[in-house]
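Reviewing the structure listed below.
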Amino acid sequence: MWAALAALVTLAYPLAVYWGLGHWEPKYLAGLLLLVALLRSFGSRDPLWRVAALGAALLAGVSVVGNALLPLKLYPVLVNAVLFIVFVYSLRHPPTIIERLARLQEPNLPESGVRYTRKVTIVWSIFFVVNGSIALGTSLFASDATWALYNGLIAYGLMGLLFAVEWLVRQRVRRGTPS
């Protein structure tokens, strides 16, 4: 339950911050990031996500102390960095994240499936670097509206597009047709 709630709040976070800017100072909006941090810490036993929760709490604290918006805008960068670390770690210490997910549907995944899931894990790792870099750029150089638009809508659209393209490629790979 905690993990699902943390994911929901994380998804809504950029738009909630943007909406909140018209109503509250950043130091009060930091409470939202603190909520995300608490939900993350309760929602995961994984030490890396607990470190991410600590990072989110630190960003919230800096925002409160300085009444600054930038630390709040850096949260999507933190999330992308953590996901990148998780995916790359799984490449170095298999099974990969994508292989684990694939084995939920196909426990006896063939070696060709393992190779394919490794490639998909690499693609997602690259995605998190690119997405995190854009999130950082919008945090530092773009307007609040552009930051919210990218991090609260476009980034999720790109994730959905990557999911869809990967699904189509997977169907072709399973049928044995060249992609």
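Chains: A, B, ... in order of the structure tokens. Residues: from 1 per chain. Ligands: from 1, in order shown.
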
Tell me, as a compact mmCIF listing (two decimals) with all heavy atoms, in the first residue's frame, which residues lie within 8 Å of A:Phe42, counting only C-alpha atoms; anything in the same chain fewer than 4 positions away does not count.
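Written output follows (part.txt):
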# COMPACT_ATOMS: atom_id res chain seq x y z
N TRP A 2 1.91 1.28 0.85
CA TRP A 2 2.77 2.47 0.94
C TRP A 2 3.47 2.73 -0.39
O TRP A 2 3.62 3.88 -0.81
CB TRP A 2 3.81 2.30 2.05
CG TRP A 2 3.23 2.30 3.42
CD1 TRP A 2 3.16 1.23 4.26
CD2 TRP A 2 2.62 3.39 4.11
NE1 TRP A 2 2.55 1.60 5.42
CE2 TRP A 2 2.21 2.93 5.37
CE3 TRP A 2 2.38 4.72 3.79
CZ2 TRP A 2 1.58 3.73 6.30
CZ3 TRP A 2 1.75 5.53 4.72
CH2 TRP A 2 1.36 5.04 5.95
N ALA A 3 3.93 1.65 -1.04
CA ALA A 3 4.65 1.81 -2.30
C ALA A 3 3.73 2.38 -3.38
O ALA A 3 4.13 3.26 -4.15
CB ALA A 3 5.24 0.47 -2.75
N LEU A 38 8.57 10.29 3.15
CA LEU A 38 8.04 9.37 4.16
C LEU A 38 7.39 8.15 3.50
O LEU A 38 7.60 7.02 3.94
CB LEU A 38 7.04 10.08 5.07
CG LEU A 38 7.65 11.10 6.03
CD1 LEU A 38 6.55 11.90 6.73
CD2 LEU A 38 8.54 10.40 7.05

**Request:** Check the DSSP output for the backbone and give back, as a PyMOL selection string, the residues of chain A in alpha helix (DSSP H).
**Result:** chain A and resi 2-21+26-43+47-66+70-73+75-92+97-105+111-141+144-149+155-175

**Surrounding residues of stretch 19-21 of chain A excluding itself and chain neighbours under 5 positions, 12 Å, only C-alpha atoms, as a ChimeraX atom specification** = /A:12-14,26-32,67-69,72-73,144-145,148-149,152

**Asked** Quick one: of A:Leu70, A:Val173, A:Val79, A:Gly137, who's nearest to A:Tyr116, counting only C-alpha atoms?
**Response** A:Val173

Hey, could you make a per-residue contact list for stretch 84-166 of chain A against stretch 43-64 of chain A with 12 Å as the cut-off, showing the nearest pair of atoms and its distance in Å to one decimal, counting only C-alpha atoms, sorted by chain and number, as a Markdown table?
| residue | atom | partner | partner_atom | distance |
| --- | --- | --- | --- | --- |
| A:Phe84 | CA | A:Leu48 | CA | 11.3 |
| A:Ile85 | CA | A:Leu48 | CA | 8.7 |
| A:Val86 | CA | A:Leu48 | CA | 7.9 |
| A:Phe87 | CA | A:Leu48 | CA | 11.7 |
| A:Tyr89 | CA | A:Leu48 | CA | 10.9 |
